[in-house]
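*Asks:* Structure file final_35.cif (mmCIF, C-alpha atoms) is given on the next line.
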data_input
loop_
_atom_site.label_atom_id
_atom_site.label_comp_id
_atom_site.auth_asym_id
_atom_site.auth_seq_id
_atom_site.Cartn_x
_atom_site.Cartn_y
_atom_site.Cartn_z
CA MET A 7 0.00 0.00 0.00
CA LYS A 8 1.28 3.41 -0.88
CA ILE A 9 2.14 5.93 1.78
CA SER A 10 -0.33 8.41 0.27
CA GLU A 11 -3.19 5.90 0.66
CA LEU A 12 -2.30 5.31 4.32
CA LYS A 13 -2.29 9.05 4.92
CA ASN A 14 -5.70 9.40 3.26
CA LYS A 15 -7.18 6.63 5.40
CA LYS A 16 -5.72 8.21 8.52
CA ILE A 17 -7.22 11.54 7.58
CA VAL A 18 -10.63 9.88 7.02
CA HIS A 19 -10.43 8.17 10.43
CA ILE A 20 -9.51 11.44 12.11
CA CYS A 21 -12.41 13.21 10.36
CA VAL A 22 -14.85 10.49 11.49
CA ILE A 23 -13.61 10.72 15.09
CA LEU A 24 -13.83 14.52 15.04
CA GLY A 25 -17.31 14.29 13.56
CA ILE A 26 -18.44 11.91 16.31
CA ILE A 27 -16.96 14.21 18.98
CA ALA A 28 -18.72 17.22 17.42
CA ILE A 29 -22.06 15.38 17.41
CA LEU A 30 -21.60 14.34 21.06
CA LEU A 31 -20.75 17.91 22.04
CA ILE A 32 -23.85 19.21 20.25
CA ILE A 33 -26.05 16.63 21.96
CA ALA A 34 -24.49 17.48 25.34
CA GLY A 35 -25.05 21.19 24.64
CA ILE A 36 -28.70 20.61 23.77
CA ILE A 37 -29.21 18.56 26.95
CA MET A 38 -27.56 21.27 29.08
CA LEU A 39 -29.58 24.03 27.42
CA ARG A 40 -32.80 22.08 27.91
CA TYR A 41 -31.93 21.54 31.58
CA GLN A 42 -31.33 25.26 32.05
CA VAL A 43 -34.75 26.00 30.57
CA GLU A 44 -36.82 23.14 32.01
CA GLY A 45 -34.88 22.11 35.13
CA GLU A 46 -35.44 18.86 37.03
CA LYS A 47 -38.27 16.66 35.77
CA ASP A 48 -38.23 14.14 38.62
CA LEU A 49 -38.16 16.03 41.91
CA PRO A 50 -38.67 14.00 45.10
CA PHE A 51 -40.60 16.94 46.60
CA GLU A 52 -42.43 19.67 44.73
CA LEU A 53 -43.83 23.12 45.30
CA SER A 54 -47.43 22.11 44.59
CA LYS A 55 -49.45 25.21 45.50
CA ILE A 56 -49.10 28.87 46.44
CA ILE A 57 -52.02 30.82 47.89
CA VAL A 58 -51.80 34.57 48.45
CA VAL A 59 -54.44 36.33 50.57
CA SER A 60 -54.31 40.13 50.46
CA THR A 61 -56.14 42.53 52.76
CA ALA A 62 -55.41 45.40 55.17
CA GLU A 63 -55.61 46.03 58.90
CA GLY A 64 -55.76 49.14 61.04
CA LYS A 65 -53.67 49.68 64.17
CA GLU A 66 -54.62 52.29 66.73
CA ILE A 67 -52.53 55.46 66.86
CA ASP A 68 -52.69 58.57 69.01
CA PRO A 69 -56.29 59.83 69.01
CA VAL A 70 -57.29 63.18 67.58
CA GLU A 71 -60.09 65.00 69.35
CA GLY A 72 -63.35 64.73 67.47
CA ASN A 73 -62.50 61.45 65.72
CA ARG A 74 -64.03 58.13 66.73
CA TRP A 75 -61.42 56.13 64.80
CA ASN A 76 -57.69 56.80 64.53
CA PHE A 77 -55.80 54.10 62.66
CA SER A 78 -52.53 53.57 60.86
CA VAL A 79 -53.18 51.02 58.10
CA ASN A 80 -50.95 48.09 57.13
CA GLN A 81 -51.47 46.24 53.85
CA ASN A 82 -50.98 42.49 54.51
CA ASN A 83 -50.25 39.61 52.14
CA ASP A 84 -50.38 36.11 53.61
CA ILE A 85 -48.40 33.64 51.49
CA TYR A 86 -49.08 29.90 51.88
CA LEU A 87 -46.48 27.61 50.28
CA GLN A 88 -47.30 23.92 50.02
CA ILE A 89 -44.39 21.47 49.64
CA GLN A 90 -45.65 18.04 48.62
CA LYS A 91 -44.06 14.63 48.08
CA ASN A 92 -43.92 13.57 44.44
CA ASP A 93 -45.82 10.26 44.30
CA GLU A 94 -44.15 9.38 41.00
CA TYR A 95 -40.63 9.62 42.44
CA LYS A 96 -39.31 6.05 42.54
CA HIS A 97 -36.80 6.35 45.39
CA SER A 98 -37.31 6.72 49.12
CA SER A 99 -36.55 10.26 50.19
CA ASN A 100 -37.14 12.63 53.11
CA ILE A 101 -36.82 16.37 53.50
CA LYS A 102 -33.65 17.37 55.32
CA ASN A 103 -34.05 21.14 55.00
CA ILE A 104 -36.24 23.68 53.24
CA SER A 105 -34.58 27.08 52.99
CA PHE A 106 -35.79 30.45 51.78
CA GLU A 107 -33.05 32.81 50.68
CA ASN A 108 -32.35 36.01 48.77
CA PHE A 109 -35.58 37.83 49.58
CA ASN A 110 -35.85 40.77 47.23
CA ILE A 111 -38.45 43.53 47.00
CA GLN A 112 -38.84 45.56 43.84
CA LYS A 113 -40.89 48.69 44.40
CA ALA A 114 -40.75 52.17 42.93
CA ASN A 115 -40.60 53.73 46.41
CA GLY A 116 -41.24 52.78 50.02
CA ALA A 117 -39.65 49.32 49.85
CA GLU A 118 -38.08 49.88 53.28
CA LYS A 119 -41.56 49.78 54.85
CA ILE A 120 -42.20 46.22 53.68
CA LYS A 121 -41.43 43.55 56.28
CA LEU A 122 -41.68 39.75 56.18
CA TYR A 123 -42.86 37.64 59.12
CA ARG A 124 -43.25 33.92 59.90
CA VAL A 125 -45.83 32.10 62.03
CA ASN A 126 -45.79 31.61 65.81
CA ALA A 127 -46.46 28.51 67.91
CA GLU A 128 -50.21 28.80 67.29
CA GLY A 129 -49.76 28.84 63.54
CA LYS A 130 -50.60 32.54 63.36
CA ILE A 131 -48.58 35.50 62.20
CA THR A 132 -46.94 37.54 64.94
CA GLU A 133 -45.57 40.86 63.78
CA ASP A 134 -42.72 41.13 66.26
CA ALA A 135 -38.92 41.07 66.18
CA ALA A 136 -38.77 37.37 67.13
CA HIS A 137 -40.67 36.36 63.99
CA LEU A 138 -39.22 38.92 61.59
CA VAL A 139 -37.55 37.28 58.59
CA SER A 140 -34.30 38.78 57.32
CA ASN A 141 -32.64 37.35 54.22
CA THR A 142 -32.63 33.65 55.14
CA LEU A 143 -35.19 31.31 56.69
CA ASN A 144 -34.49 27.60 57.23
CA TYR A 145 -36.87 24.81 58.24
CA LYS A 146 -35.45 21.42 59.24
CA GLY A 147 -37.17 18.18 58.31
CA ALA A 148 -38.80 16.48 61.31
CA LYS A 149 -41.48 13.90 62.12
CA GLU A 150 -44.18 16.59 62.10
CA ASN A 151 -44.69 20.31 61.61
CA ASN A 152 -43.55 22.67 64.34
CA LEU A 153 -43.23 25.97 62.51
CA GLU A 154 -42.44 27.95 65.66
CA ALA A 155 -39.38 25.71 66.14
CA LEU A 156 -38.60 26.02 62.42
CA GLU A 157 -39.43 22.38 61.71
CA ILE A 158 -41.49 20.92 58.88
CA SER A 159 -42.64 17.35 58.30
CA ASN A 160 -40.01 15.43 56.36
CA GLN A 161 -42.80 14.35 54.02
CA GLY A 162 -43.91 17.89 53.21
CA GLY A 163 -46.22 20.54 54.61
CA ILE A 164 -47.43 24.13 54.40
CA ILE A 165 -45.32 27.15 55.33
CA LEU A 166 -46.98 30.51 55.93
CA LEU A 167 -45.28 33.89 55.53
CA ARG A 168 -46.72 37.39 55.71
CA SER A 169 -45.44 40.33 53.69
CA VAL A 170 -46.53 43.56 55.39
CA ASN A 171 -46.47 46.99 53.76
CA GLU A 172 -46.51 49.10 56.90
CA ASN A 173 -48.24 52.43 57.53
CA VAL A 174 -49.50 52.97 53.99
CA CYS A 175 -52.10 55.49 55.17
CA GLU A 176 -54.06 56.80 58.14
CA VAL A 177 -57.80 56.65 58.71
CA ARG A 178 -59.40 59.18 61.03
CA ASN A 179 -63.20 59.49 60.99
CA ASN A 180 -66.43 59.20 62.94
CA GLU A 181 -68.19 56.37 61.14
CA GLU A 182 -70.37 54.09 63.25
CA THR A 183 -68.40 50.97 62.35
CA ILE A 184 -65.05 50.22 60.75
CA VAL A 185 -64.26 46.97 58.95
CA HIS A 186 -60.62 45.95 59.17
CA ASP A 187 -59.96 44.89 55.61
CA GLY A 188 -58.77 46.36 52.32
CA THR A 189 -61.58 48.92 52.23
CA LEU A 190 -59.57 50.88 54.80
CA LEU A 191 -57.23 51.78 51.94
CA ALA A 192 -60.05 53.56 50.11
CA LYS A 193 -60.96 55.44 53.30
CA GLY A 194 -57.32 56.50 53.53
CA ASN A 195 -57.34 57.70 49.89
CA VAL A 196 -54.53 55.36 48.85
CA ASN A 197 -53.69 55.10 45.17
CA PRO A 198 -53.66 51.30 44.48
CA ASP A 199 -50.74 51.72 42.08
CA ASP A 200 -48.61 53.02 44.97
CA LEU A 201 -49.07 49.71 46.83
CA THR A 202 -47.85 47.30 44.17
CA TYR A 203 -44.50 45.56 44.45
CA THR A 204 -42.80 42.31 43.51
CA LEU A 205 -41.48 39.92 46.15
CA SER A 206 -39.03 37.27 44.95
CA PHE A 207 -37.05 34.63 46.82
CA ASP A 208 -35.28 31.31 46.33
CA ILE A 209 -36.63 28.02 47.68
CA ILE A 210 -34.01 25.33 48.32
CA ILE A 211 -35.26 21.81 49.01
CA GLU A 212 -32.56 19.52 50.43
CA THR A 213 -33.22 15.79 50.83
CA ASN A 214 -31.68 13.21 53.15
CA ARG A 215 -29.56 12.16 50.16
CA ASN A 216 -27.82 15.55 50.48
CA ILE A 217 -29.15 16.67 47.10
CA LYS A 218 -30.35 20.27 46.85
CA TYR A 219 -32.86 21.66 44.37
CA LYS A 220 -33.29 25.42 43.97
CA GLY A 221 -36.07 27.43 42.31
CA THR A 222 -36.99 31.12 42.36
CA VAL A 223 -40.49 32.35 43.19
CA SER A 224 -41.70 35.79 42.14
CA LEU A 225 -45.01 37.19 43.42
CA TYR A 226 -46.82 40.38 42.37
CA LEU A 227 -48.43 41.90 45.47
CA PRO A 228 -51.07 42.68 46.56
CA THR A 229 -53.45 40.46 44.64
CA GLY A 230 -56.91 41.62 43.54
CA SER A 231 -58.70 44.93 44.06
CA ILE A 232 -58.67 44.87 47.83
CA GLU A 233 -59.58 48.56 48.20
CA THR A 234 -63.06 47.66 46.90
CA GLU A 235 -63.28 43.92 47.64
CA GLY A 236 -61.79 44.11 51.13
CA ARG A 237 -60.03 40.78 50.77
CA ALA A 238 -58.70 38.98 47.68
CA GLN A 239 -57.14 35.57 47.09
CA MET A 240 -54.91 34.13 44.39
CA GLU A 241 -54.15 30.42 44.01
CA LYS A 242 -51.22 29.25 41.89
CA THR A 243 -50.77 25.61 40.85
CA ASP A 244 -49.05 26.09 37.49
CA PHE A 245 -45.31 26.27 38.16
CA SER A 246 -44.05 26.13 34.60
CA ASP A 247 -42.43 29.52 35.29
CA ILE A 248 -40.51 28.21 38.32
CA VAL A 249 -37.55 26.02 37.37
CA PHE A 250 -35.90 23.84 40.01
CA LYS A 251 -32.31 22.77 39.37
CA ARG A 252 -29.73 20.82 41.29
CA MET A 253 -27.18 22.92 43.14
#
Could the structure of this file be written out as structure tokens, please?
*Replies:*
Amino acid sequence: MKISELKNKKIVHICVILGIIAILLIIAGIIMLRYQVEGEKDLPFELSKIIVVSTAEGKEIDPVEGNRWNFSVNQNNDIYLQIQKNDEYKHSSNIKNISFENFNIQKANGAEKIKLYRVNAEGKITEDAAHLVSNTLNYKGAKENNLEALEISNQGGIILLRSVNENVCEVRNNEETIVHDGTLLAKGNVNPDDLTYTLSFDIIIETNRNIKYKGTVSLYLPTGSIETEGRAQMEKTDFSDIVFKRM
């Protein structure tokens, strides 16, 4: 066989190998791109429902002579997050930790007045320093829920947070009765557009296999026309916009 023929065959072999490598790299790139867009398809635990309940509440302030009612009004958003076991997941798994991180508020002005609180031992929101949430909140997996002790069932459960827009207006009048709901905002002449903001945060679900999955939730608050309805509720079960990926 001539040397030129050997060289040609070698070149062909190299081209075939390079072609195979190129195809594999393209396939790997497509898989990685798809993962970035779609995330995990087989999570052991899932964010299955978010319910947001928006309203308002008045808190007594120094009285002014001649007024029956003297209130400073807070606009409240209760956020219920349900973490549920995926029945189609084929392996045994428990929750080790559920963490909430990187809380971020996007608002044109007044963002500093918005505070986030967690529930107390009775499962209710307590707006005090002990239950104020900063930038990180971590619940450990346990046999059952004990949200005051920052424990959640290792098979899933519901976590409640409250986002409070404090002192958005004052209501001073002499009406016979006052209803403590979103209609207080209309009595305080609040422009609904001035109340709106976006709250976003990361949810990290860690299993007993030491695998972490992270997704980012973004909520537009408050929900509904609470200044006329008094109280409004939004339920979210479609999470195609929330992508969970392994960390």
*Asks:* Val139 in chain A: which residues within 8 Å, counting all atoms listed in the file, same-chain residues fewer than 5 positions away excluded, as a ChimeraX atom specification?
*Replies:* /A:121-124
*Asks:* Measuring atom to atom with only C-alpha atoms, identify which of A:Arg252, A:His186, A:Lys242, A:Lys113 is nearest to Leu227 in chain A.
*Replies:*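 For Leu227 in chain A, the nearest of the given residues is A:Lys113.
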*Asks:* Counting only C-alpha atoms, which residues come within 7 Å of (-41.3, 42.7, 50.2), with the point read in the file's coordinates, and could you list them as JSON, numbers by chain?
*Replies:* {"A": [110, 111, 117, 120, 121, 122, 169, 204, 205]}
*Asks:* Within 6 Å of (-62.4, 56.6, 65.8) (coordinates as in the file), grab all the protein and nucleic acid residues, counting all atoms listed in the file, and write them out as a PDB file with C-alpha atoms, in the coordinates of the input.
*Replies:*
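So part16.pdb came out as:
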ATOM      1  CA  ASN A  73     -62.500  61.450  65.720  1.00  0.00           C
ATOM      2  CA  ARG A  74     -64.030  58.130  66.730  1.00  0.00           C
ATOM      3  CA  TRP A  75     -61.420  56.130  64.800  1.00  0.00           C
ATOM      4  CA  ASN A  76     -57.690  56.800  64.530  1.00  0.00           C
ATOM      5  CA  ASN A 179     -63.200  59.490  60.990  1.00  0.00           C
ATOM      6  CA  ASN A 180     -66.430  59.200  62.940  1.00  0.00           C
TER       7      ASN A 180
END
*Asks:* Nearest to Lys91 in chain A: which of A:Thr189, A:Asn152, A:Asn115, A:Asn160 is it, counting only C-alpha atoms?
*Replies:*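 Closest candidate: A:Asn160.
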*Asks:* Can you list, as JSON, numbers by chain, the residues that the PyMOL selection byres ((chain A and resi 172) around 9) selects here?
*Replies:* {"A": [78, 79, 80, 81, 82, 119, 120, 121, 170, 171, 173, 174, 175]}
*Asks:* My list of candidates is A:Lys47, A:Lys16, A:Arg168, A:Arg178. Which is closest to Tyr86 in chain A when distances are computed with only C-alpha atoms?
*Replies:*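 The closest residue to Tyr86 in chain A is A:Arg168.
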*Asks:* Which residues match the PyMOL selection byres ((chain A and resi 49) around 10) in the file above, as a list of chain:residue names?
*Replies:* A:Gly45, A:Glu46, A:Lys47, A:Asp48, A:Pro50, A:Phe51, A:Glu52, A:Leu53, A:Lys91, A:Asn92, A:Asp93, A:Glu94, A:Tyr95, A:Ile211, A:Tyr219, A:Phe250, A:Lys251, A:Arg252
*Asks:* Padding 4 Å on every side, please: axis-aligned box over the listed atoms of range 75-90 of chain A, centre and edge lengths to one decimal in Å, as JSON.
*Replies:*
{"center_x": -52.9, "center_y": 37.4, "center_z": 56.7, "size_x": 25.0, "size_y": 46.8, "size_z": 24.2}
*Asks:* What does the PyMOL selection byres ((chain A and resi 185) around 10) select in this file, as JSON, numbers by chain?
*Replies:* {"A": [62, 63, 64, 183, 184, 186, 187, 188, 189, 190, 236]}
*Asks:* Go through A:Lys55, A:Lys102, A:Lys146, A:Lys96 and flag the residue nearest Arg215 in chain A, using all atoms listed in the file for the distances.
*Replies:*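 Using all atoms listed in the file, the shortest distance to Arg215 in chain A belongs to A:Lys102.
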